[in-house]
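Take a look at the structure below.
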Amino acid sequence: MTVDVGQSGFTTPIHDATSSVSSEVLQHNKRQTWDVPSHFEMTHFHKPSTSQNISQRHLMKNSHRLPQSYTRFSPARGMSMKHFPCALYQRLTQTGLSHRAYTTGSFTVKDTLIDWRGKLEAAQVPEADLAVEHIMSHILGVPQELEKLTSVVLSKEILTEVDRLMTCRLARMPLQYILGEWDFHSVTLKMRPPVFIPRPETEQLVELALECLQGIHTPRVLEIGCGSGAISLSLLHSINNLQCVALDQSKHAIELTKLNASNIGVNDRLLLVEGKVTSEMMPCLPRVHFHLIVSNPPYVLRKDLLNVQPEIKIYEDMRALDGGKDGLDVIKAILIHSHRLLLDKHSVILEVDPCHRYLIPVWLEKQPSLKVKFTEVFKDFNGKDRFIKFVKS
Ligand SMILES: C[S@@+](CC[C@H](N)C(=O)[O-])C[C@H]1O[C@@H](n2cnc3c(N)ncnc32)[C@H](O)[C@@H]1O
């Protein structure tokens, strides 16, 4: 996790069954030379009815793939949870930002991409290209094939949905929440605000954890601060006989990890505990004596929290980031309890702030009763000292 943080649905309903899809695309599809999802192929090209019916059918059929977060999240800006997207949309419509003249009926995929890329860039939303492509692919249900559909004309219903999701991005909602799911390591996870979005460098933490577990027959792992379940679920998915206890103080995180575990099919090897770890207290765990304790804890120094991007400040739970004055509040608590929870000669591996490789040894020297020794520092892909391994002697 660092603070410098910066797929779907319904097919493109044809606006007019005969004229909206370019003949080039239609011919191409008849020759079956490119793969499209079956729902796209059947309804878009082979079973044309009225555009209205197709649009509505697809909206309903794929509504499960739209981010559930829209109706669940309260951005705490005077909008109720229920009205969040609507209120936001209205607010932006009033500013003219999302106005579109639908009456021409001639917006193609390409027009829409250009239009929204321009709006996002004008509003200085980072990585506008990435957002428009991901959102459009998500809505059309064609993650790999977008460039082949640039001349397809979009119906009013699809354009409305495009506007709705792009408007969320304009309001700096992270793409992962807008799309409702995201790939991490070897798994695909549902994403819902305000649960922390796993960052790419944490995939390296998973790799380091897998190395620590090599050669252990039935490894038992404790994860502290599981968030969406990214680390625990990747480990469970990678090692068949691994058993895991995952703990988090946030009930939203626990609920999301449970959902993700069941989607991935590893829930029978995962025990979830909702509770807060402090230096004085560890929630009651269903088992003790682990082969590995792993955590990407809140480690951001309080002073650095002032500079986080709107995506984080507005949408993510800041308690997932806030490590206290020196970023060590939860890290110290984990090390204190590791002494009791770890099997001898086994490891704790943590994601940390680069300054922690200097601060933690100084603190550990003042804790002679702790049998946990600082052993190794690992860099992330940006060359920063990001992961520390400790071994219980
Ligand atoms: C940085 S997030 C990491 C989430 C996930 N492991 C990942 O890498 O995507 C830290 C998580 O720790 C949880 N957390 C923060 N303080 C905690 C505490 N004292 N006890 C238990 N969980 C805590 C937060 O709710 C959050 O889900």
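Identifiers in the structure tokens: chain A, B, ... in order shown; residue index from 1 per chain; ligand index from 1 in order shown.
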So that each row is one residue of chain A with an atom at most 7 Å from ligand 1, can you give its shortest atom pair and the distance in Å to one decimal, using only C-alpha atoms and all ligand atoms, rows by chain and rising number, as CSV?
```
residue,atom,partner,partner_atom_place_in_ligand_line,distance
A:Met1,CA,ligand 1,1 (C),5.8
A:Val195,CA,ligand 1,27 (O),6.3
A:Phe196,CA,ligand 1,2 (S),5.5
A:Ile197,CA,ligand 1,9 (O),5.5
A:Pro198,CA,ligand 1,9 (O),3.5
A:Arg199,CA,ligand 1,9 (O),6.5
A:Thr202,CA,ligand 1,8 (O),5.9
A:Ile224,CA,ligand 1,22 (N),5.9
A:Gly225,CA,ligand 1,12 (O),3.2
A:Cys226,CA,ligand 1,6 (N),3.9
A:Gly227,CA,ligand 1,27 (O),3.4
A:Ser228,CA,ligand 1,5 (C),6.0
A:Gly229,CA,ligand 1,5 (C),6.1
A:Ala230,CA,ligand 1,9 (O),5.4
A:Ile231,CA,ligand 1,6 (N),5.8
A:Leu247,CA,ligand 1,21 (C),6.2
A:Asp248,CA,ligand 1,22 (N),3.8
A:Gln249,CA,ligand 1,22 (N),4.1
A:Ser250,CA,ligand 1,25 (O),4.7
A:Ala253,CA,ligand 1,27 (O),5.7
A:Gly275,CA,ligand 1,21 (C),5.8
A:Lys276,CA,ligand 1,20 (N),3.5
A:Val277,CA,ligand 1,20 (N),3.9
A:Thr278,CA,ligand 1,19 (N),5.6
A:Ser295,CA,ligand 1,6 (N),6.3
A:Asn296,CA,ligand 1,3 (C),4.9
A:Pro297,CA,ligand 1,10 (C),4.5
A:Pro298,CA,ligand 1,1 (C),4.8
A:Arg319,CA,ligand 1,15 (C),5.6
A:Ala320,CA,ligand 1,24 (C),3.9
A:Leu321,CA,ligand 1,1 (C),5.3
A:Val330,CA,ligand 1,19 (N),5.5
```
Write to file, as a CSV table (one decimal), in the first residue's frame, the residues of the selection just made, with N, CA and C atoms.
```
chain,number,residue,atom,x,y,z
A,1,MET,N,0.8,-1.2,0.0
A,1,MET,CA,0.0,0.0,0.0
A,1,MET,C,0.9,1.3,0.0
A,195,VAL,N,-13.9,-0.2,1.5
A,195,VAL,CA,-12.8,-1.1,1.8
A,195,VAL,C,-11.6,-0.8,0.9
A,196,PHE,N,-10.4,-0.9,1.6
A,196,PHE,CA,-9.2,-0.5,0.9
A,196,PHE,C,-9.0,-1.3,-0.4
A,197,ILE,N,-8.5,-0.6,-1.4
A,197,ILE,CA,-8.3,-1.2,-2.7
A,197,ILE,C,-6.8,-1.7,-2.7
A,198,PRO,N,-6.6,-3.0,-3.0
A,198,PRO,CA,-5.2,-3.6,-2.9
A,198,PRO,C,-4.4,-2.9,-4.0
A,199,ARG,N,-3.1,-2.6,-3.6
A,199,ARG,CA,-2.2,-1.9,-4.5
A,199,ARG,C,-1.3,-2.9,-5.1
A,202,THR,N,1.6,-4.8,-3.2
A,202,THR,CA,1.2,-5.8,-2.3
A,202,THR,C,1.3,-7.2,-2.9
A,224,ILE,N,-3.3,-9.9,9.4
A,224,ILE,CA,-3.8,-8.9,10.2
A,224,ILE,C,-4.2,-7.7,9.3
A,225,GLY,N,-5.5,-7.4,9.3
A,225,GLY,CA,-5.9,-6.3,8.4
A,225,GLY,C,-6.2,-6.8,7.0
A,226,CYS,N,-7.2,-7.6,6.8
A,226,CYS,CA,-7.3,-8.3,5.5
A,226,CYS,C,-8.0,-7.5,4.4
A,227,GLY,N,-8.7,-6.4,4.8
A,227,GLY,CA,-9.3,-5.5,3.7
A,227,GLY,C,-10.3,-6.3,2.9
A,228,SER,N,-10.0,-6.4,1.6
A,228,SER,CA,-10.9,-7.1,0.6
A,228,SER,C,-10.5,-8.6,0.6
A,229,GLY,N,-9.5,-9.0,1.4
A,229,GLY,CA,-9.0,-10.4,1.4
A,229,GLY,C,-7.9,-10.7,0.4
A,230,ALA,N,-7.4,-9.6,-0.2
A,230,ALA,CA,-6.4,-9.8,-1.3
A,230,ALA,C,-5.3,-10.7,-0.9
A,231,ILE,N,-4.6,-10.5,0.2
A,231,ILE,CA,-3.4,-11.3,0.5
A,231,ILE,C,-3.8,-12.7,0.9
A,247,LEU,N,-8.0,-11.3,9.9
A,247,LEU,CA,-8.7,-10.4,10.9
A,247,LEU,C,-8.7,-9.0,10.4
A,248,ASP,N,-9.8,-8.3,10.7
A,248,ASP,CA,-9.9,-6.9,10.4
A,248,ASP,C,-10.8,-6.2,11.4
A,249,GLN,N,-10.5,-4.9,11.6
A,249,GLN,CA,-11.4,-4.2,12.6
A,249,GLN,C,-12.7,-3.7,11.9
A,250,SER,N,-12.7,-3.7,10.5
A,250,SER,CA,-13.8,-3.2,9.8
A,250,SER,C,-14.8,-4.3,9.4
A,253,ALA,N,-14.9,-4.7,5.7
A,253,ALA,CA,-13.8,-5.5,5.1
A,253,ALA,C,-14.1,-7.0,5.4
A,275,GLY,N,-12.2,-7.6,14.6
A,275,GLY,CA,-11.6,-7.1,15.8
A,275,GLY,C,-10.4,-6.3,15.6
A,276,LYS,N,-10.1,-5.5,16.6
A,276,LYS,CA,-9.0,-4.5,16.5
A,276,LYS,C,-7.8,-5.0,17.3
A,277,VAL,N,-6.7,-4.9,16.6
A,277,VAL,CA,-5.4,-5.3,17.3
A,277,VAL,C,-4.8,-4.0,17.9
A,278,THR,N,-4.4,-4.0,19.1
A,278,THR,CA,-3.7,-2.9,19.7
A,278,THR,C,-2.5,-3.5,20.5
A,295,SER,N,1.0,-9.0,7.0
A,295,SER,CA,0.2,-7.9,7.1
A,295,SER,C,0.6,-6.7,6.2
A,296,ASN,N,-0.3,-6.1,5.6
A,296,ASN,CA,-0.1,-4.8,5.0
A,296,ASN,C,-0.9,-3.8,5.9
A,297,PRO,N,-0.3,-3.4,7.0
A,297,PRO,CA,-1.1,-2.7,8.1
A,297,PRO,C,-1.2,-1.2,7.6
A,298,PRO,N,-2.0,-0.5,8.4
A,298,PRO,CA,-2.0,1.0,8.2
A,298,PRO,C,-0.6,1.5,8.6
A,319,ARG,N,-8.8,4.9,8.0
A,319,ARG,CA,-8.3,4.0,9.1
A,319,ARG,C,-7.5,2.9,8.5
A,320,ALA,N,-7.6,2.6,7.2
A,320,ALA,CA,-6.8,1.6,6.6
A,320,ALA,C,-5.4,2.1,6.3
A,321,LEU,N,-5.2,3.4,6.4
A,321,LEU,CA,-3.9,4.0,6.0
A,321,LEU,C,-3.2,4.6,7.3
A,330,VAL,N,0.1,0.2,14.5
A,330,VAL,CA,-0.3,-1.2,14.3
A,330,VAL,C,0.9,-2.2,14.2
```
Check your understanding: Got a sec to tell me which of stretch 94-338 of chain A DSSP assigns to strand (DSSP E or B), as a PyMOL selection string?
Key -> chain A and resi 108+153+181-184+187-190+220-224+243-248+270-274+290-295+300+322
Just write the chosen residues, C-alpha atoms, as a short mmCIF file (atom, residue, chain, number, x, y, z; two decimals), in the first residue's frame.
```cif
data_model
loop_
_atom_site.label_atom_id
_atom_site.label_comp_id
_atom_site.auth_asym_id
_atom_site.auth_seq_id
_atom_site.Cartn_x
_atom_site.Cartn_y
_atom_site.Cartn_z
CA THR A 108 -20.27 5.86 -31.79
CA VAL A 153 -23.33 3.37 -32.61
CA GLU A 181 -14.04 -5.79 -9.30
CA TRP A 182 -10.30 -5.88 -9.83
CA ASP A 183 -7.58 -8.46 -10.46
CA PHE A 184 -4.96 -8.97 -7.78
CA VAL A 187 -7.51 -13.80 -8.03
CA THR A 188 -10.32 -11.45 -9.06
CA LEU A 189 -11.82 -9.56 -6.14
CA LYS A 190 -15.04 -7.64 -5.72
CA ARG A 220 -1.23 -21.95 9.01
CA VAL A 221 -1.25 -18.23 8.26
CA LEU A 222 -2.58 -15.24 10.20
CA GLU A 223 -3.30 -12.05 8.27
CA ILE A 224 -3.84 -8.86 10.24
CA GLN A 243 -5.30 -22.63 6.27
CA CYS A 244 -5.79 -19.03 7.11
CA VAL A 245 -7.16 -16.78 9.83
CA ALA A 246 -7.87 -13.25 8.56
CA LEU A 247 -8.65 -10.43 10.91
CA ASP A 248 -9.87 -6.87 10.40
CA LEU A 270 -10.54 -19.39 5.91
CA LEU A 271 -11.62 -18.20 9.36
CA LEU A 272 -12.59 -14.54 9.67
CA VAL A 273 -12.32 -12.50 12.86
CA GLU A 274 -13.69 -8.99 13.23
CA PHE A 290 1.02 -19.88 13.05
CA HIS A 291 3.74 -20.60 10.49
CA LEU A 292 3.46 -17.06 9.15
CA ILE A 293 1.96 -13.73 10.16
CA VAL A 294 1.50 -11.40 7.21
CA SER A 295 0.17 -7.88 7.13
CA VAL A 300 1.24 5.93 6.59
CA ASP A 322 -3.39 5.90 9.28
#
```
Rows by chain and residue number, stretch 182-257 of chain A within 10 Å of stretch 349-358 of chain A, shortest pair, only C-alpha atoms, as a Markdown table:
```
| residue | atom | partner | partner_atom | distance |
| --- | --- | --- | --- | --- |
| A:Glu201 | CA | A:Glu351 | CA | 9.1 |
| A:Thr202 | CA | A:Glu351 | CA | 7.5 |
| A:Gln204 | CA | A:Glu351 | CA | 9.5 |
| A:Leu205 | CA | A:Glu351 | CA | 6.9 |
| A:Val206 | CA | A:Ile349 | CA | 9.6 |
| A:Leu208 | CA | A:Ile349 | CA | 7.9 |
| A:Ala209 | CA | A:Ile349 | CA | 7.0 |
| A:Cys212 | CA | A:Ile349 | CA | 8.9 |
| A:Glu223 | CA | A:Ile349 | CA | 9.9 |
| A:Ile224 | CA | A:Leu350 | CA | 9.8 |
```
Put those residues in a file: N, CA and C atoms, as a short mmCIF file (atom, residue, chain, number, x, y, z; two decimals), in the first residue's frame.
```cif
data_model
loop_
_atom_site.label_atom_id
_atom_site.label_comp_id
_atom_site.auth_asym_id
_atom_site.auth_seq_id
_atom_site.Cartn_x
_atom_site.Cartn_y
_atom_site.Cartn_z
N GLU A 201 1.96 -3.19 -5.42
CA GLU A 201 3.16 -3.66 -4.71
C GLU A 201 2.84 -4.75 -3.69
N THR A 202 1.59 -4.81 -3.24
CA THR A 202 1.22 -5.84 -2.26
C THR A 202 1.26 -7.24 -2.87
N GLN A 204 3.76 -8.24 -4.39
CA GLN A 204 5.12 -8.68 -4.03
C GLN A 204 5.14 -9.25 -2.61
N LEU A 205 4.32 -8.66 -1.74
CA LEU A 205 4.22 -9.18 -0.37
C LEU A 205 3.69 -10.62 -0.40
N VAL A 206 2.73 -10.87 -1.28
CA VAL A 206 2.19 -12.23 -1.43
C VAL A 206 3.29 -13.18 -1.89
N LEU A 208 6.52 -12.88 -1.41
CA LEU A 208 7.45 -13.10 -0.29
C LEU A 208 6.84 -14.08 0.71
N ALA A 209 5.53 -13.94 0.95
CA ALA A 209 4.85 -14.85 1.88
C ALA A 209 4.89 -16.28 1.34
N CYS A 212 8.18 -17.82 2.05
CA CYS A 212 8.32 -18.21 3.47
C CYS A 212 7.62 -19.53 3.75
N GLU A 223 -3.43 -13.38 8.89
CA GLU A 223 -3.30 -12.05 8.27
C GLU A 223 -3.99 -11.02 9.15
N ILE A 224 -3.26 -9.95 9.44
CA ILE A 224 -3.84 -8.86 10.24
C ILE A 224 -4.16 -7.69 9.31
#
```
Exercise for review: Measure the distance from atom CA of A:Leu146 to atom CA of A:Ile158 in Å and round it to one decimal.
Suggested key: 14.9 Å
